[in-house]
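Raw data_18.pdb, PDB, C-alpha atoms:
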ATOM      1  CA  MET A   1     136.248  -0.114  56.450
ATOM      2  CA  ASP A   2     137.531  -1.456  59.748
ATOM      3  CA  CYS A   3     136.242  -4.686  61.211
ATOM      4  CA  LEU A   4     134.123  -4.730  64.354
ATOM      5  CA  GLY A   5     136.250  -3.755  67.325
ATOM      6  CA  GLN A   6     139.445  -2.843  65.436
ATOM      7  CA  THR A   7     141.348   0.341  66.140
ATOM      8  CA  THR A   8     140.756   3.056  63.572
ATOM      9  CA  GLY A   9     143.881   5.046  64.382
ATOM     10  CA  LYS A  10     141.748   8.127  65.105
ATOM     11  CA  ALA A  11     141.202   9.638  68.507
ATOM     12  CA  GLU A  12     138.150   8.052  70.121
ATOM     13  CA  ALA A  13     135.837   9.527  72.733
ATOM     14  CA  ASN A  14     136.689   9.087  76.370
ATOM     15  CA  GLU A  15     133.249  10.149  77.631
ATOM     16  CA  TYR A  16     129.653   9.809  76.412
ATOM     17  CA  LEU A  17     126.290  11.079  77.648
ATOM     18  CA  SER A  18     123.134   9.305  76.430
ATOM     19  CA  LEU A  19     119.510  10.431  76.769
ATOM     20  CA  GLY A  20     116.692   8.268  75.480
ATOM     21  CA  THR A  21     113.123   7.109  75.663
ATOM     22  CA  GLY A  22     111.106   4.061  74.640
ATOM     23  CA  ILE A  23     108.578   1.537  75.925
ATOM     24  CA  THR A  24     109.111  -0.839  78.852
ATOM     25  CA  TRP A  25     107.099  -4.051  79.222
ATOM     26  CA  ASP A  26     107.285  -5.923  82.532
ATOM     27  CA  ASN A  27     106.298  -9.325  83.867
ATOM     28  CA  TYR A  28     103.235  -7.719  85.501
ATOM     29  CA  TYR A  29     101.846  -7.373  81.964
ATOM     30  CA  SER A  30     102.020  -3.603  82.001
ATOM     31  CA  ALA A  31     103.764  -1.330  79.552
ATOM     32  CA  GLY A  32     104.726   2.278  79.944
ATOM     33  CA  PRO A  33     106.961   5.004  78.627
ATOM     34  CA  LYS A  34     110.527   5.028  79.911
ATOM     35  CA  PHE A  35     113.249   7.616  80.185
ATOM     36  CA  GLN A  36     116.920   6.752  80.498
ATOM     37  CA  ALA A  37     120.037   8.847  81.011
ATOM     38  CA  SER A  38     123.544   7.426  81.221
ATOM     39  CA  TYR A  39     127.099   8.642  81.463
ATOM     40  CA  SER A  40     130.077   6.501  80.502
ATOM     41  CA  LYS A  41     133.808   7.125  80.709
ATOM     42  CA  ARG A  42     136.720   5.108  79.376
ATOM     43  CA  PHE A  43     138.911   3.306  81.898
ATOM     44  CA  LYS A  44     142.441   4.692  81.749
ATOM     45  CA  ASN A  45     144.639   2.713  79.321
ATOM     46  CA  LYS A  46     141.704   0.580  78.075
ATOM     47  CA  GLU A  47     140.580   0.976  74.485
ATOM     48  CA  LYS A  48     137.049  -0.483  74.580
ATOM     49  CA  ILE A  49     136.139  -0.740  78.290
ATOM     50  CA  PHE A  50     134.104   2.003  79.961
ATOM     51  CA  TRP A  51     132.534   2.446  83.392
ATOM     52  CA  GLY A  52     129.252   4.263  83.722
ATOM     53  CA  ILE A  53     126.262   5.258  85.746
ATOM     54  CA  SER A  54     122.691   5.175  84.467
ATOM     55  CA  MET A  55     119.273   6.249  85.624
ATOM     56  CA  ASP A  56     116.179   4.624  84.189
ATOM     57  CA  ASN A  57     112.484   4.840  85.033
ATOM     58  CA  LYS A  58     109.169   3.477  83.820
ATOM     59  CA  ARG A  59     105.904   5.321  84.298
ATOM     60  CA  ARG A  60     102.401   4.014  84.075
ATOM     61  CA  GLY A  61     100.681   5.165  80.980
ATOM     62  CA  LEU A  62      99.778   2.197  78.824
ATOM     63  CA  ASN A  63      97.302  -0.091  80.536
ATOM     64  CA  GLY A  64      98.201  -3.643  81.356
ATOM     65  CA  ILE A  65      96.275  -6.477  79.776
ATOM     66  CA  PRO A  66      93.211  -6.716  82.049
ATOM     67  CA  SER A  67      92.312 -10.254  81.015
ATOM     68  CA  VAL A  68      95.639 -11.712  82.214
ATOM     69  CA  LYS A  69      95.285 -13.368  85.581
ATOM     70  CA  LEU A  70      97.898 -15.356  87.431
ATOM     71  CA  GLN A  71      95.373 -18.037  88.349
ATOM     72  CA  PRO A  72      91.571 -18.244  88.699
ATOM     73  CA  GLY A  73      90.299 -16.144  91.581
ATOM     74  CA  VAL A  74      93.460 -14.023  91.790
ATOM     75  CA  ALA A  75      93.272 -10.356  90.846
ATOM     76  CA  SER A  76      95.188  -9.063  87.830
ATOM     77  CA  PRO A  77      98.696  -7.933  88.745
ATOM     78  CA  PRO A  78      99.104  -4.235  89.607
ATOM     79  CA  GLU A  79     100.553  -1.761  87.148
ATOM     80  CA  LEU A  80     103.932  -0.668  88.510
ATOM     81  CA  ASN A  81     106.319   2.257  88.153
ATOM     82  CA  TYR A  82     110.001   2.024  88.874
ATOM     83  CA  SER A  83     113.101   4.148  89.199
ATOM     84  CA  TYR A  84     116.460   2.437  88.759
ATOM     85  CA  LEU A  85     120.004   3.659  89.394
ATOM     86  CA  SER A  86     122.942   1.457  88.401
ATOM     87  CA  ALA A  87     126.697   1.321  88.033
ATOM     88  CA  ASP A  88     127.535  -0.201  84.657
ATOM     89  CA  LEU A  89     130.427  -1.732  82.769
ATOM     90  CA  HIS A  90     130.413  -1.065  79.000
ATOM     91  CA  SER A  91     132.265  -2.619  76.102
ATOM     92  CA  ILE A  92     132.055  -0.320  73.098
ATOM     93  CA  SER A  93     132.925  -1.723  69.676
ATOM     94  CA  ARG A  94     132.931   0.381  66.560
ATOM     95  CA  MET A  95     132.680  -0.127  62.837
ATOM     96  CA  GLY A  96     133.711   2.120  59.968
ATOM     97  CA  ASN A  97     135.745   4.887  61.598
ATOM     98  CA  THR A  98     133.168   5.217  64.419
ATOM     99  CA  ARG A  99     130.180   5.721  62.098
ATOM    100  CA  ILE A 100     128.470   2.854  63.929
ATOM    101  CA  ILE A 101     129.206   1.827  67.503
ATOM    102  CA  PHE A 102     127.748  -1.025  69.518
ATOM    103  CA  ASP A 103     127.508  -0.595  73.276
ATOM    104  CA  PHE A 104     127.262  -3.821  75.297
ATOM    105  CA  SER A 105     126.575  -3.179  78.985
ATOM    106  CA  ALA A 106     125.951  -4.942  82.276
ATOM    107  CA  GLY A 107     125.213  -3.317  85.594
ATOM    108  CA  LEU A 108     124.221  -3.618  89.206
ATOM    109  CA  GLY A 109     122.037  -1.163  91.084
ATOM    110  CA  ALA A 110     119.006  -0.401  93.199
ATOM    111  CA  MET A 111     115.392  -0.225  92.043
ATOM    112  CA  TYR A 112     112.530   1.650  93.694
ATOM    113  CA  LEU A 113     109.419  -0.261  92.619
ATOM    114  CA  HIS A 114     106.014   1.232  93.430
ATOM    115  CA  GLY A 115     102.393   1.034  92.463
ATOM    116  CA  ASP A 116      98.973  -0.001  93.741
ATOM    117  CA  GLY A 117      99.738   1.499  97.172
ATOM    118  CA  LYS A 118     102.887  -0.616  97.658
ATOM    119  CA  HIS A 119     106.578   0.203  97.339
ATOM    120  CA  ALA A 120     109.965  -1.435  97.847
ATOM    121  CA  VAL A 121     113.651  -0.710  97.311
ATOM    122  CA  GLN A 122     115.457  -3.774  96.016
ATOM    123  CA  PRO A 123     118.703  -4.777  94.290
ATOM    124  CA  ALA A 124     118.643  -5.302  90.513
ATOM    125  CA  ILE A 125     120.915  -6.291  87.641
ATOM    126  CA  ASN A 126     120.741  -5.315  83.975
ATOM    127  CA  ILE A 127     122.195  -6.244  80.611
ATOM    128  CA  GLY A 128     121.816  -4.290  77.418
ATOM    129  CA  MET A 129     122.962  -3.580  73.914
ATOM    130  CA  THR A 130     122.477  -0.488  71.764
ATOM    131  CA  MET A 131     123.523   0.466  68.278
ATOM    132  CA  ASN A 132     124.592   4.058  67.680
ATOM    133  CA  LEU A 133     124.766   5.736  64.276
ATOM    134  CA  ARG A 134     126.878   8.882  63.988
ATOM    135  CA  ILE A 135     124.930  11.832  62.537
ATOM    136  CA  GLY A 136     127.405  14.600  63.370
ATOM    137  CA  LYS A 137     130.907  15.099  64.700
ATOM    138  CA  ASN A 138     129.911  14.573  68.341
ATOM    139  CA  ILE A 139     126.386  13.156  68.159
ATOM    140  CA  PHE A 140     124.884   9.718  67.538
ATOM    141  CA  ILE A 141     121.340   8.381  67.228
ATOM    142  CA  GLU A 142     120.969   5.563  69.745
ATOM    143  CA  GLY A 143     118.637   2.651  69.106
ATOM    144  CA  SER A 144     118.169  -1.069  69.459
ATOM    145  CA  PRO A 145     119.940  -3.465  67.108
ATOM    146  CA  LEU A 146     116.668  -5.275  66.394
ATOM    147  CA  PHE A 147     118.414  -7.770  64.175
ATOM    148  CA  VAL A 148     120.364  -9.130  67.173
ATOM    149  CA  ILE A 149     118.252  -8.836  70.334
ATOM    150  CA  PRO A 150     114.718  -7.353  70.298
ATOM    151  CA  PRO A 151     114.893  -5.653  73.730
ATOM    152  CA  SER A 152     117.689  -3.134  74.158
ATOM    153  CA  ARG A 153     117.914  -3.639  77.932
ATOM    154  CA  ILE A 154     116.641  -6.187  80.443
ATOM    155  CA  ILE A 155     116.393  -5.499  84.180
ATOM    156  CA  VAL A 156     115.840  -8.286  86.709
ATOM    157  CA  SER A 157     115.197  -7.864  90.430
ATOM    158  CA  PRO A 158     113.907  -9.979  93.308
ATOM    159  CA  ASN A 159     110.282  -9.096  93.941
ATOM    160  CA  LYS A 160     109.080  -7.932  97.342
ATOM    161  CA  LEU A 161     105.670  -6.614  96.261
ATOM    162  CA  ALA A 162     103.699  -9.696  95.270
ATOM    163  CA  GLU A 163     103.350 -13.072  96.878
ATOM    164  CA  ASN A 164     102.847 -14.852  93.564
ATOM    165  CA  ARG A 165     106.009 -13.589  91.780
ATOM    166  CA  ASP A 166     109.563 -14.085  92.963
ATOM    167  CA  VAL A 167     111.183 -11.904  90.292
ATOM    168  CA  TYR A 168     110.361  -8.547  88.731
ATOM    169  CA  SER A 169     111.697  -8.136  85.196
ATOM    170  CA  ALA A 170     111.398  -5.329  82.663
ATOM    171  CA  TRP A 171     112.258  -5.346  78.957
ATOM    172  CA  HIS A 172     112.941  -2.131  77.030
ATOM    173  CA  PHE A 173     111.683  -1.893  73.453
ATOM    174  CA  MET A 174     111.745   0.734  70.701
ATOM    175  CA  PRO A 175     114.440   2.871  72.275
ATOM    176  CA  LEU A 176     115.275   6.114  70.603
ATOM    177  CA  GLY A 177     117.839   8.480  71.970
ATOM    178  CA  LEU A 178     120.849  10.653  71.424
ATOM    179  CA  ARG A 179     124.406   9.890  72.474
ATOM    180  CA  PHE A 180     126.786  12.813  72.813
ATOM    181  CA  LYS A 181     130.577  12.555  72.629
ATOM    182  CA  LEU A 182     131.760  14.827  75.443
ATOM    183  CA  ASP A 183     135.462  15.250  74.601
TER     184      ASP A 183
END

Go ahead and express the file in the form of structure tokens.
Amino acid sequence: MDCLGQTTGKAEANEYLSLGTGITWDNYYSAGPKFQASYSKRFKNKEKIFWGISMDNKRRGLNGIPSVKLQPGVASPPELNYSYLSADLHSISRMGNTRIIFDFSAGLGAMYLHGDGKHAVQPAINIGMTMNLRIGKNIFIEGSPLFVIPPSRIIVSPNKLAENRDVYSAWHFMPLGLRFKLD
């Protein structure tokens, strides 16, 4: 078995497409289902470095915690939806002849945050890590390496919707998806 990040001597994928779902919890105390799609492609002449683009969104669906208030006399925070588009940089390390791959990513993009009759487009950054287990020649199950970091992705953005919060942040939990090797 090869060590984490070593070359296996076999041809590796140059492109991947990932589709997944899960739960997103934000700092407005609301949770909702999420959908994420991402495409990544290897930089020419780089073994483990990929560029990518991803689309992510959270929908309302699971109620926030109604008893949470920011301070006495202030209404509970609104439940928000968002759509997020980002350009990402990936470092993909593999173990065991690509049976398991770890995808570390960081990105910069734009978020459309809306809910409770308000909306804003704002810049955002993200970091993430997924573990992928090969189940076929060109297909992997994508999930969170819960033994390392509980959320699989964290998005942080300045907040333009509420006076009492300077930052909007969202944490993705229980991701489950498929990653396809395209070449």

Could you list, as a JSON list (two decimals) with C-alpha atoms, in the coordinates of the input, every residue within 7 Å of Ile101 of chain A, counting only C-alpha atoms and ignoring same-chain residues fewer than 5 positions away?
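Full text of selection39.json as output:
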[["chain", "number", "residue", "atom", "x", "y", "z"],
["A", 92, "ILE", "CA", 132.06, -0.32, 73.10],
["A", 93, "SER", "CA", 132.93, -1.72, 69.68],
["A", 94, "ARG", "CA", 132.93, 0.38, 66.56],
["A", 95, "MET", "CA", 132.68, -0.13, 62.84],
["A", 131, "MET", "CA", 123.52, 0.47, 68.28],
["A", 132, "ASN", "CA", 124.59, 4.06, 67.68],
["A", 133, "LEU", "CA", 124.77, 5.74, 64.28]]

Give me the result of the PyMOL selection byres ((chain A and resi 53-58) around 9) on this file, residue by residue, as a ChimeraX atom specification. /A:23-24,31-40,51-52,59-60,80-89,107

Find the residues near segment 124-128 of chain A: any atom within 9 Å, counting all atoms listed in the file, skip ones fewer than 6 places away on the same chain, and give them as an mmCIF file with C-alpha atoms, in the coordinates of the input.
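What follows is the written file result13.cif:
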data_model
loop_
_atom_site.group_PDB
_atom_site.id
_atom_site.type_symbol
_atom_site.label_atom_id
_atom_site.label_comp_id
_atom_site.auth_asym_id
_atom_site.auth_seq_id
_atom_site.Cartn_x
_atom_site.Cartn_y
_atom_site.Cartn_z
ATOM 1 C CA TYR A 84 116.460 2.437 88.759
ATOM 2 C CA SER A 86 122.942 1.457 88.401
ATOM 3 C CA ASP A 88 127.535 -0.201 84.657
ATOM 4 C CA ASP A 103 127.508 -0.595 73.276
ATOM 5 C CA PHE A 104 127.262 -3.821 75.297
ATOM 6 C CA SER A 105 126.575 -3.179 78.985
ATOM 7 C CA ALA A 106 125.951 -4.942 82.276
ATOM 8 C CA GLY A 107 125.213 -3.317 85.594
ATOM 9 C CA LEU A 108 124.221 -3.618 89.206
ATOM 10 C CA GLY A 109 122.037 -1.163 91.084
ATOM 11 C CA ALA A 110 119.006 -0.401 93.199
ATOM 12 C CA MET A 111 115.392 -0.225 92.043
ATOM 13 C CA PRO A 151 114.893 -5.653 73.730
ATOM 14 C CA SER A 152 117.689 -3.134 74.158
ATOM 15 C CA ARG A 153 117.914 -3.639 77.932
ATOM 16 C CA ILE A 154 116.641 -6.187 80.443
ATOM 17 C CA ILE A 155 116.393 -5.499 84.180
ATOM 18 C CA VAL A 156 115.840 -8.286 86.709
ATOM 19 C CA SER A 157 115.197 -7.864 90.430
ATOM 20 C CA PRO A 158 113.907 -9.979 93.308
#

Could you work out how far atom CA of Leu19 of chain A lies from atom CA of Lys118 of chain A, giving the answer in Å with one decimal? 28.9 Å

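The coordinates place atom CA of Ala170 of chain A at 22.7 Å from atom CA of Leu17 of chain A.
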
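Picture a line from atom CA of Ser144 of chain A to atom CA of Gln122 of chain A; it runs 26.8 Å.
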
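Closest approach to Lys137 of chain A from the set A:His114, A:His172, A:Lys160, A:Arg179 is made by A:Arg179, with distances taken over all atoms listed in the file.
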
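Closest to Gly136 of chain A among A:Arg165, A:Leu113, A:Tyr16, A:Lys181 is A:Lys181, based on all atoms listed in the file.
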